[in-house]
>>> print(open('work.cif').read())   # mmCIF, C-alpha atoms
data_input
loop_
_atom_site.label_atom_id
_atom_site.label_comp_id
_atom_site.auth_asym_id
_atom_site.auth_seq_id
_atom_site.Cartn_x
_atom_site.Cartn_y
_atom_site.Cartn_z
CA MET A 243 -47.29 39.59 32.74
CA GLY A 244 -44.39 38.41 30.63
CA GLN A 245 -45.09 34.99 32.03
CA ASN A 246 -48.69 35.21 30.75
CA THR A 247 -47.55 36.17 27.26
CA TRP A 248 -45.30 33.14 27.02
CA ASP A 249 -48.04 30.90 28.39
CA ARG A 250 -50.49 32.18 25.81
CA MET A 251 -48.03 31.72 22.96
CA ALA A 252 -47.21 28.18 24.02
CA GLU A 253 -50.87 27.32 24.46
CA SER A 254 -51.92 28.63 21.06
CA LEU A 255 -48.97 26.89 19.41
CA SER A 256 -49.72 23.51 20.94
CA ARG A 257 -53.47 23.85 20.28
CA GLY A 258 -52.70 24.74 16.66
CA VAL A 259 -50.44 21.74 16.28
CA ALA A 260 -53.07 19.49 17.85
CA ARG A 261 -55.75 20.83 15.46
CA ARG A 262 -53.67 20.47 12.31
CA THR A 263 -51.97 17.12 12.90
CA SER A 264 -52.79 13.62 13.94
CA ARG A 265 -50.58 10.97 15.53
CA ARG A 266 -50.98 8.97 12.36
CA SER A 267 -49.59 11.75 10.17
CA MET A 268 -46.65 12.07 12.54
CA PHE A 269 -45.88 8.38 12.02
CA THR A 270 -46.24 8.80 8.26
CA ARG A 271 -43.70 11.61 8.16
CA LEU A 272 -41.31 9.88 10.53
CA GLY A 273 -41.49 6.72 8.43
CA ALA A 274 -40.84 8.68 5.23
CA ALA A 275 -37.84 10.38 6.82
CA ILE A 276 -36.37 7.04 7.93
CA VAL A 277 -36.79 5.52 4.48
CA ALA A 278 -35.33 8.57 2.72
CA ALA A 279 -32.33 9.07 5.03
CA PRO A 280 -29.92 6.60 3.39
CA PHE A 281 -30.36 8.37 0.05
CA ILE A 282 -29.17 11.69 1.43
CA PRO A 283 -25.37 11.96 1.49
CA LEU A 284 -24.65 12.97 5.06
CA LEU A 285 -20.87 13.34 5.11
CA PRO A 286 -19.17 16.06 3.08
CA VAL A 287 -16.07 13.82 2.99
CA ALA A 288 -17.91 11.07 1.14
CA ARG A 289 -19.25 13.57 -1.37
CA ALA A 290 -15.83 15.08 -1.96
CA GLU A 291 -14.39 11.64 -2.68
CA ALA A 292 -17.20 10.75 -5.07
CA GLU A 293 -16.58 13.91 -7.05
CA GLU A 294 -12.86 13.24 -7.55
CA PRO A 295 -12.38 13.32 -11.31
CA LYS A 296 -11.53 10.00 -12.90
CA SER A 297 -8.29 9.59 -14.80
CA PRO A 298 -8.43 8.88 -18.56
CA PHE A 299 -7.49 5.26 -17.71
CA GLU A 300 -10.31 4.94 -15.19
CA LEU A 301 -12.87 6.32 -17.66
CA ASP A 302 -11.93 3.58 -20.14
CA ALA A 303 -11.25 0.71 -17.67
CA GLN A 304 -13.04 -2.65 -17.92
CA ALA A 305 -13.28 -5.60 -15.52
CA THR A 306 -13.81 -8.53 -17.85
CA ASP A 307 -10.65 -9.12 -19.91
CA PRO A 308 -7.37 -9.34 -17.94
CA THR A 309 -5.37 -9.73 -21.15
CA LYS A 310 -6.01 -6.12 -22.23
CA CYS A 311 -4.16 -2.96 -21.24
CA ASN A 312 -7.38 -1.28 -20.10
CA TYR A 313 -8.18 -4.04 -17.57
CA TRP A 314 -8.69 -2.08 -14.33
CA ARG A 315 -5.78 -3.71 -12.46
CA HIS A 316 -3.40 -2.45 -15.15
CA CYS A 317 -3.90 1.22 -14.19
CA ALA A 318 -0.18 1.63 -13.51
CA ILE A 319 1.54 -1.05 -15.57
CA ASP A 320 4.34 -0.17 -17.99
CA GLY A 321 5.49 -2.98 -20.25
CA VAL A 322 4.28 -6.11 -21.99
CA LEU A 323 1.50 -8.12 -20.35
CA CYS A 324 2.75 -11.60 -19.39
CA SER A 325 -0.67 -12.98 -20.45
CA CYS A 326 0.41 -12.23 -24.02
CA CYS A 327 3.72 -14.08 -23.61
CA GLY A 328 2.63 -17.52 -22.44
CA GLY A 329 2.24 -16.53 -18.79
CA GLY A 330 -0.78 -15.34 -16.85
CA PRO A 331 -1.94 -12.05 -15.30
CA HIS A 332 0.19 -12.96 -12.27
CA THR A 333 2.45 -15.76 -13.46
CA CYS A 334 5.70 -15.61 -15.40
CA PRO A 335 6.03 -17.35 -18.79
CA PRO A 336 8.29 -20.43 -18.92
CA GLY A 337 11.97 -19.51 -19.02
CA SER A 338 11.55 -16.27 -17.09
CA SER A 339 11.33 -15.81 -13.35
CA PRO A 340 9.64 -13.24 -11.09
CA SER A 341 11.85 -10.46 -9.81
CA PRO A 342 12.30 -10.45 -6.01
CA THR A 343 11.33 -6.78 -6.06
CA ALA A 344 8.11 -5.18 -7.28
CA TRP A 345 6.29 -1.90 -7.07
CA VAL A 346 2.82 -1.29 -5.72
CA GLY A 347 0.15 0.94 -7.23
CA THR A 348 -3.46 1.83 -6.45
CA CYS A 349 -6.26 1.15 -8.96
CA LEU A 350 -9.99 1.90 -8.96
CA ASN A 351 -12.23 -1.12 -9.59
CA PRO A 352 -15.09 0.03 -11.85
CA GLN A 353 -17.34 -2.76 -10.54
CA ASP A 354 -17.49 -1.59 -6.93
CA GLY A 355 -15.90 1.89 -7.14
CA ARG A 356 -13.28 1.01 -4.51
CA SER A 357 -9.49 1.39 -4.64
CA TYR A 358 -7.25 -1.67 -4.50
CA LEU A 359 -3.51 -2.09 -4.03
CA ILE A 360 -1.89 -3.87 -6.96
CA SER A 361 1.61 -5.33 -6.95
CA TYR A 362 3.40 -5.06 -10.32
CA ARG A 363 6.16 -7.60 -10.71
CA ASP A 364 8.39 -7.96 -13.73
CA CYS A 365 9.42 -11.34 -15.11
CA CYS A 366 13.14 -11.37 -15.81
CA GLY A 367 15.91 -13.55 -17.18
CA LYS A 368 14.73 -13.77 -20.76
CA GLY A 369 14.85 -11.33 -23.67
CA SER A 370 11.93 -9.11 -24.65
CA CYS A 371 8.68 -10.89 -25.39
CA ASN A 372 7.43 -10.64 -28.98
CA ALA A 373 3.83 -9.77 -28.23
CA PRO A 374 1.30 -7.93 -30.42
CA ALA A 375 1.39 -4.15 -30.10
CA ASP A 376 -1.81 -3.96 -28.06
CA CYS A 377 -0.09 -6.03 -25.34
CA HIS A 378 2.38 -3.18 -24.76
CA CYS A 379 0.83 -1.08 -22.02
CA LYS A 380 1.83 2.27 -20.64
CA SER A 381 -0.62 3.38 -17.99
CA MET A 382 0.53 5.67 -15.22
CA ASP A 383 -2.18 6.34 -12.65
CA ARG A 384 -0.54 7.66 -9.48
CA GLU A 385 2.90 6.86 -10.85
CA LEU A 386 5.69 8.92 -9.25
CA PRO A 387 8.76 10.51 -10.88
CA VAL A 388 11.94 8.42 -11.08
CA TYR A 389 13.45 10.17 -8.03
CA ARG A 390 10.71 8.38 -6.08
CA PRO A 391 11.75 5.01 -7.55
CA GLN A 392 9.45 2.86 -5.39
CA GLY A 393 6.52 4.49 -7.17
CA ASN A 394 7.96 4.64 -10.68
CA ASN A 395 7.31 2.16 -13.47
CA ASP A 396 9.75 3.37 -16.15
CA ILE A 397 12.60 1.48 -14.55
CA VAL A 398 13.16 -2.23 -15.10
CA TRP A 399 12.03 -3.91 -11.90
CA CYS A 400 14.52 -6.80 -12.05
CA PHE A 401 16.53 -5.70 -8.98
CA GLY A 402 17.91 -8.78 -7.30
CA ALA A 403 17.04 -11.10 -10.18
CA THR A 404 19.83 -13.15 -11.74
CA THR A 405 19.89 -10.85 -14.76
CA MET A 406 18.40 -7.46 -15.58
CA ASN A 407 16.84 -8.86 -18.80
CA TYR A 408 13.22 -7.69 -18.85
CA HIS A 409 10.64 -10.05 -20.33
CA CYS A 410 7.13 -8.94 -19.27
CA SER A 411 5.05 -7.58 -16.38
CA THR A 412 2.40 -9.07 -14.08
CA ALA A 413 -0.24 -7.49 -11.81
CA THR A 414 -1.44 -9.08 -8.57
CA LEU A 415 -4.25 -7.91 -6.31
CA VAL A 416 -2.92 -7.36 -2.76
CA ALA A 417 -5.60 -5.68 -0.64
CA LEU A 418 -8.30 -3.04 -0.46
CA ALA A 419 -6.60 0.31 0.11
CA GLY A 420 -7.25 1.86 3.52
CA MET B 152 -1.43 -9.08 18.03
CA ALA B 153 -4.13 -7.53 15.84
CA ALA B 154 -1.69 -6.17 13.29
CA VAL B 155 -0.07 -9.56 12.86
CA ARG B 156 -3.44 -11.22 12.51
CA SER B 157 -4.65 -8.77 9.89
CA LEU B 158 -1.37 -9.04 8.02
CA SER B 159 -1.62 -12.80 7.95
CA MET B 160 -5.11 -12.28 6.51
CA VAL B 161 -3.60 -10.07 3.82
CA VAL B 162 -1.07 -12.76 3.08
CA ALA B 163 -3.60 -15.58 3.08
CA ALA B 164 -5.92 -13.73 0.74
CA ALA B 165 -3.08 -12.66 -1.54
CA ALA B 166 -1.99 -16.30 -1.73
CA ALA B 167 -5.56 -17.35 -2.48
CA LEU B 168 -5.73 -14.78 -5.25
CA LEU B 169 -2.58 -16.13 -6.81
CA ALA B 170 -4.46 -19.33 -7.60
CA PRO B 171 -6.36 -18.63 -10.83
CA ALA B 172 -9.05 -21.09 -9.78
CA GLN B 173 -10.28 -18.79 -7.01
CA PRO B 174 -10.49 -15.29 -8.47
CA LYS B 175 -13.48 -14.44 -6.25
CA ALA B 176 -11.67 -14.92 -2.94
CA GLU B 177 -12.34 -12.19 -0.43
CA VAL B 178 -9.87 -9.31 -0.61
CA PRO B 179 -8.52 -8.16 2.76
CA GLN B 180 -9.03 -4.57 3.87
CA ALA B 181 -5.71 -2.88 4.65
CA THR B 182 -5.53 -0.21 7.35
CA ARG B 183 -4.13 3.22 6.49
CA ALA B 184 -0.78 2.25 8.05
CA GLN B 185 -0.66 -1.03 6.10
CA THR B 186 -1.63 0.79 2.90
CA ASN B 187 1.23 3.26 3.34
CA TYR B 188 3.61 0.35 3.98
CA LEU B 189 2.34 -1.55 0.94
CA ILE B 190 2.65 1.45 -1.39
CA GLY B 191 5.96 2.81 -0.12
CA CYS B 192 7.90 -0.21 1.15
CA ALA B 193 6.37 -3.60 0.31
CA GLY B 194 7.51 -3.70 -3.32
CA CYS B 195 11.04 -4.45 -2.11
CA HIS B 196 10.65 -5.38 1.58
CA GLY B 197 7.82 -7.80 0.72
CA ILE B 198 4.09 -7.78 1.45
CA GLN B 199 4.77 -9.85 4.57
CA GLY B 200 8.09 -8.11 5.32
CA ILE B 201 9.95 -11.08 3.86
CA ALA B 202 12.52 -9.92 1.32
CA GLU B 203 15.47 -11.48 -0.37
CA SER B 204 18.12 -10.30 2.09
CA LYS B 205 20.73 -10.03 -0.65
CA VAL B 206 18.69 -7.22 -2.18
CA VAL B 207 17.00 -5.40 0.73
CA PRO B 208 16.83 -5.99 4.47
CA GLN B 209 14.28 -8.46 5.74
CA LEU B 210 11.84 -6.90 8.21
CA ARG B 211 9.84 -9.89 9.40
CA ASP B 212 10.76 -10.99 12.94
CA LYS B 213 13.93 -8.89 12.72
CA VAL B 214 13.33 -5.17 12.43
CA GLY B 215 11.94 -4.74 15.97
CA HIS B 216 15.45 -5.27 17.36
CA PHE B 217 16.26 -1.70 16.36
CA LEU B 218 13.95 -0.57 19.17
CA CYS B 219 16.52 -1.93 21.66
CA SER B 220 18.53 1.32 21.61
CA GLU B 221 17.84 5.00 21.08
CA ALA B 222 20.35 5.02 18.20
CA GLY B 223 18.56 2.05 16.62
CA ARG B 224 15.11 3.58 16.80
CA ALA B 225 16.48 6.85 15.38
CA TYR B 226 18.38 5.09 12.55
CA VAL B 227 15.35 3.40 10.98
CA VAL B 228 13.38 6.66 10.90
CA GLN B 229 16.36 8.66 9.59
CA LEU B 230 16.97 6.30 6.65
CA PRO B 231 16.25 8.35 3.51
CA ASN B 232 13.33 6.24 2.27
CA THR B 233 11.66 6.53 5.68
CA ALA B 234 12.47 10.15 6.44
CA PHE B 235 11.42 11.41 2.98
CA ALA B 236 8.31 9.22 2.68
CA ASP B 237 5.35 11.13 1.32
CA VAL B 238 3.26 10.91 4.52
CA THR B 239 2.64 13.12 7.57
CA ASP B 240 4.48 12.63 10.87
CA ALA B 241 1.41 10.95 12.39
CA GLU B 242 1.01 8.62 9.40
CA LEU B 243 4.71 7.77 9.47
CA ALA B 244 4.54 6.99 13.21
CA ASP B 245 1.54 4.68 12.61
CA MET B 246 3.32 3.01 9.71
CA MET B 247 6.57 2.51 11.67
CA ASN B 248 4.59 1.00 14.55
CA PHE B 249 2.96 -1.42 12.10
CA VAL B 250 6.41 -2.30 10.70
CA MET B 251 8.03 -2.72 14.14
CA PHE B 252 5.24 -4.49 16.02
CA GLY B 253 3.21 -6.00 13.17
CA LEU B 254 6.01 -7.24 10.93
CA GLY B 255 8.76 -7.29 13.56
CA GLY B 256 6.67 -9.55 15.82
CA GLU B 257 8.68 -10.99 18.72
CA SER B 258 11.74 -8.94 17.81
CA SER B 259 9.90 -5.80 19.02
CA ARG B 260 8.99 -7.27 22.42
CA GLY B 261 9.31 -4.62 25.14
CA GLY B 262 9.90 -1.87 22.58
CA ARG B 263 8.30 1.54 22.92
CA PRO B 264 5.95 2.64 20.10
CA TYR B 265 6.82 5.76 18.13
CA THR B 266 4.83 8.95 18.53
CA ALA B 267 4.21 11.49 15.78
CA GLU B 268 6.31 13.98 17.74
CA GLU B 269 9.34 11.65 17.95
CA VAL B 270 9.11 10.63 14.28
CA GLY B 271 8.71 14.27 13.26
CA ARG B 272 11.84 15.27 15.17
CA LEU B 273 13.94 12.35 13.84
CA ARG B 274 12.95 12.61 10.19
CA ARG B 275 14.13 16.22 10.09
CA GLN B 276 17.69 14.90 10.57
CA PRO B 277 17.82 12.36 7.72
CA LEU B 278 20.92 10.28 6.98
CA VAL B 279 21.88 11.90 3.70
CA ARG B 280 25.67 12.01 3.78
CA ASP B 281 26.24 8.73 5.58
CA GLN B 282 27.73 5.57 4.24
CA LEU B 283 24.57 3.69 5.11
CA LEU B 284 26.10 0.23 5.42
CA ALA B 285 28.77 1.53 7.81
CA THR B 286 26.19 3.43 9.83
CA ARG B 287 24.02 0.34 9.98
CA ALA B 288 26.94 -1.79 11.22
CA SER B 289 27.82 0.67 13.97
CA VAL B 290 24.18 0.99 15.09
CA ILE B 291 23.89 -2.81 15.30
CA ALA B 292 27.20 -3.05 17.20
CA GLY B 293 25.73 -0.67 19.78
CA LEU B 294 22.61 -2.79 20.38
CA PRO B 295 22.42 -5.05 23.43
CA GLU B 296 23.66 -8.52 22.50
CA ARG B 297 20.18 -10.10 22.56
CA CYS B 298 19.12 -7.68 19.79
CA ARG B 299 22.02 -8.14 17.38
CA ALA B 300 20.29 -10.92 15.46
CA VAL B 301 19.01 -8.11 13.24
CA ALA B 302 22.43 -8.24 11.54
CA ASP B 303 21.25 -11.39 9.70
CA ALA B 304 18.42 -9.47 8.06
CA TYR B 305 20.68 -8.08 5.34
CA ASN B 306 23.68 -9.63 3.60
CA PRO B 307 24.43 -7.31 0.71
CA ASP B 308 27.92 -8.71 0.16
CA MET B 309 26.64 -12.10 -0.89
CA PRO B 310 26.91 -12.95 -4.59
CA GLY B 311 24.09 -11.76 -6.80
CA VAL B 312 24.11 -8.09 -5.90
CA GLY B 313 26.35 -5.26 -6.91
CA ALA B 314 26.96 -4.31 -10.49
CA LYS B 315 23.57 -5.51 -11.68
CA VAL B 316 21.73 -3.12 -9.41
CA GLY B 317 23.18 -0.14 -11.19
CA PRO B 318 22.66 2.14 -14.14
CA VAL B 319 21.49 -0.78 -16.28
CA ALA B 320 18.27 -0.56 -14.32
CA MET B 321 17.50 2.65 -16.13
CA GLN B 322 17.57 1.13 -19.58
CA ASP B 323 14.53 1.87 -21.67
CA ARG B 324 12.03 -0.86 -22.40
#
>>> encode(input="work.cif", output="structure tokens")
Amino acid sequence: MGQNTWDRMAESLSRGVARRTSRRSMFTRLGAAIVAAPFIPLLPVARAEAEEPKSPFELDAQATDPTKCNYWRHCAIDGVLCSCCGGGPHTCPPGSSPSPTAWVGTCLNPQDGRSYLISYRDCCGKGSCNAPADCHCKSMDRELPVYRPQGNNDIVWCFGATTMNYHCSTATLVALAG
Amino acid sequence: MAAVRSLSMVVAAAAALLAPAQPKAEVPQATRAQTNYLIGCAGCHGIQGIAESKVVPQLRDKVGHFLCSEAGRAYVVQLPNTAFADVTDAELADMMNFVMFGLGGESSRGGRPYTAEEVGRLRRQPLVRDQLLATRASVIAGLPERCRAVADAYNPDMPGVGAKVGPVAMQDR
């Protein structure tokens, strides 16, 4: 008897489905689901990352002018931009030379929303560069306290250079952070 | 080796980016282990593991020799900057394996990779009261002869180091 009840329920369900739907409508719905799927965030991890609040630097960052403090690669630079001193974003001005040591930070690129590793290298061996005030940057995204010196930008990164005279700072793109 | 290949890609792309004429060159994707190395170590040890050996030890083609003895493999994990690195045991093991086999290249031939368990145990006994140069010398002296070439990786007594790497570094900008 129980068997009959289940049979009847299954029969009425499948007949109902057959009455109300067509193969064509099934294809319509399946197609709509396939098209819509990429727009639905599936992984909670991805959502959590997207919701991470931006730092004040990241909110103001731009990707067009590398001679400004708010250029996105300068998210953790502390010092005078070498571009303002006769050098380039990653080249030392004449008379100064790149320190053999550098420190590496992580910056968000506003153009693609991805994080990149940036190597900050000081140019040494020459006195301070007389650059306009807006060339003096002090951004500190993900900077660490001085007792974690490899992640700190308050110190003069001229270790191993011929002199500890600080001139200016450069920023070089290294890789996409993993 | 895959790690070496991907590192050489990092290096090639970084070199390409240094040329202002090619700002659109493709940027390499670093693995998690490479990222941890780049953030925590590469500033001084070099993106390719090539450092000025008067300032910091060179890793490239050298560091793998420390895998030749148990004391050597313990020493590099117990160094303060390794032991206190801001990463989990598993991340530190992955990063050390990248350093040893990726950067160390041939010098790590025949070496045994680190596990998270081994790294976790070693880093809880960091070298905090040691004279690090003396410890380093005695560890190297205990390596089999074929592995002692690692001694060339660091020559801190050469001119150019010393007093300059001192309190002056803390001067304000």
>>> resolve_selection(input="work.cif", expression="the PyMOL selection byres ((chain A) within 8 of (chain B))", output="PyMOL selection string")
chain A and resi 321+332+342-348+359+361+392-393+396-406+408+414-420
>>> closest_residue(input="work.cif", among="B:Leu294, B:Val270, B:Pro277, B:Arg263", to="His216 of chain B", atoms="only C-alpha atoms")
B:Leu294
>>> residues_near_point(input="work.cif", point="(8.5, -6.2, 23.5)", cutoff="12 Å", atoms="all atoms listed in the file", output="JSON, numbers by chain")
{"B": [152, 212, 215, 216, 217, 218, 219, 251, 252, 253, 255, 256, 257, 258, 259, 260, 261, 262, 263, 264, 298]}
>>> atom_distance(input="work.cif", atom1="atom CA of Cys377 of chain A", atom2="atom CA of Lys310 of chain A")
6.7 Å
>>> atom_distance(input="work.cif", atom1="atom CA of Arg299 of chain B", atom2="atom CA of Leu283 of chain B")
17.2 Å
>>> residues_around(input="work.cif", residues="Pro331 of chain A", least_positions_apart="4", cutoff="7 Å", atoms="all atoms listed in the file", output="mmCIF file with C-alpha atoms, in the frame of the given file")
data_model
loop_
_atom_site.group_PDB
_atom_site.id
_atom_site.type_symbol
_atom_site.label_atom_id
_atom_site.label_comp_id
_atom_site.auth_asym_id
_atom_site.auth_seq_id
_atom_site.Cartn_x
_atom_site.Cartn_y
_atom_site.Cartn_z
ATOM 1 C CA PRO A 308 -7.370 -9.340 -17.940
ATOM 2 C CA CYS A 324 2.750 -11.600 -19.390
ATOM 3 C CA SER A 325 -0.670 -12.980 -20.450
ATOM 4 C CA THR A 412 2.400 -9.070 -14.080
ATOM 5 C CA ALA A 413 -0.240 -7.490 -11.810
#
>>> resolve_selection(input="work.cif", expression="the PyMOL selection byres ((chain A and resi 353) around 12)", output="compact mmCIF listing (two decimals) with C-alpha atoms, in the coordinates of the input")
# COMPACT_ATOMS: atom_id res chain seq x y z
CA GLU A 300 -10.31 4.94 -15.19
CA ALA A 303 -11.25 0.71 -17.67
CA GLN A 304 -13.04 -2.65 -17.92
CA ALA A 305 -13.28 -5.60 -15.52
CA THR A 306 -13.81 -8.53 -17.85
CA TYR A 313 -8.18 -4.04 -17.57
CA TRP A 314 -8.69 -2.08 -14.33
CA ARG A 315 -5.78 -3.71 -12.46
CA CYS A 349 -6.26 1.15 -8.96
CA LEU A 350 -9.99 1.90 -8.96
CA ASN A 351 -12.23 -1.12 -9.59
CA PRO A 352 -15.09 0.03 -11.85
CA ASP A 354 -17.49 -1.59 -6.93
CA GLY A 355 -15.90 1.89 -7.14
CA ARG A 356 -13.28 1.01 -4.51
CA SER A 357 -9.49 1.39 -4.64
CA TYR A 358 -7.25 -1.67 -4.50
>>> axis_aligned_box(input="work.cif", around="segment 197-205 of chain B", padding_each_side="5 Å", output="lines of an AutoDock Vina configuration file")
center_x = 12.4
center_y = -9.6
center_z = 2.3
size_x = 26.6
size_y = 13.7
size_z = 16.0
>>> atom_distance(input="work.cif", atom1="atom CA of Ala375 of chain A", atom2="atom CA of Ser411 of chain A")
14.6 Å
>>> closest_residue(input="work.cif", among="A:Thr270, A:Thr309, A:Ser297, A:Asn246", to="Asp383 of chain A", atoms="all atoms listed in the file")
A:Ser297
>>> resolve_selection(input="work.cif", expression="the PyMOL selection byres ((chain A and resi 320) around 9)", output="list in words")
His316, Ala318, Ile319, Gly321, Val322, Leu323, His378, Cys379, Lys380, Ser381, Met382, Asn395, Asp396 and Ser411 of chain A; Arg324 of chain B
>>> write_last_selection(input="work.cif", atoms="C-alpha atoms", output="mmCIF file, in the frame of the given file")
data_model
loop_
_atom_site.group_PDB
_atom_site.id
_atom_site.type_symbol
_atom_site.label_atom_id
_atom_site.label_comp_id
_atom_site.auth_asym_id
_atom_site.auth_seq_id
_atom_site.Cartn_x
_atom_site.Cartn_y
_atom_site.Cartn_z
ATOM 1 C CA HIS A 316 -3.400 -2.450 -15.150
ATOM 2 C CA ALA A 318 -0.180 1.630 -13.510
ATOM 3 C CA ILE A 319 1.540 -1.050 -15.570
ATOM 4 C CA GLY A 321 5.490 -2.980 -20.250
ATOM 5 C CA VAL A 322 4.280 -6.110 -21.990
ATOM 6 C CA LEU A 323 1.500 -8.120 -20.350
ATOM 7 C CA HIS A 378 2.380 -3.180 -24.760
ATOM 8 C CA CYS A 379 0.830 -1.080 -22.020
ATOM 9 C CA LYS A 380 1.830 2.270 -20.640
ATOM 10 C CA SER A 381 -0.620 3.380 -17.990
ATOM 11 C CA MET A 382 0.530 5.670 -15.220
ATOM 12 C CA ASN A 395 7.310 2.160 -13.470
ATOM 13 C CA ASP A 396 9.750 3.370 -16.150
ATOM 14 C CA SER A 411 5.050 -7.580 -16.380
ATOM 15 C CA ARG B 324 12.030 -0.860 -22.400
#
>>> closest_residue(input="work.cif", among="A:Leu272, A:Cys371, A:His409, A:Lys296", to="Arg384 of chain A", atoms="all atoms listed in the file")
A:Lys296
>>> residues_around(input="work.cif", residues="segment 286-292 of chain B", least_positions_apart="6", cutoff="9 Å", atoms="all atoms listed in the file", output="VMD selection string")
chain B and resid 217 220 222 to 223 226 298 to 302
>>> residues_around(input="work.cif", residues="Asn394 of chain A", least_positions_apart="4", cutoff="8 Å", atoms="all atoms listed in the file", output="PyMOL selection string")
chain A and resi 345+385-388+390
>>> write_last_selection(input="work.cif", atoms="C-alpha atoms", output="compact mmCIF listing (two decimals), keeping the file's coordinate frame")
# COMPACT_ATOMS: atom_id res chain seq x y z
CA TRP A 345 6.29 -1.90 -7.07
CA GLU A 385 2.90 6.86 -10.85
CA LEU A 386 5.69 8.92 -9.25
CA PRO A 387 8.76 10.51 -10.88
CA VAL A 388 11.94 8.42 -11.08
CA ARG A 390 10.71 8.38 -6.08
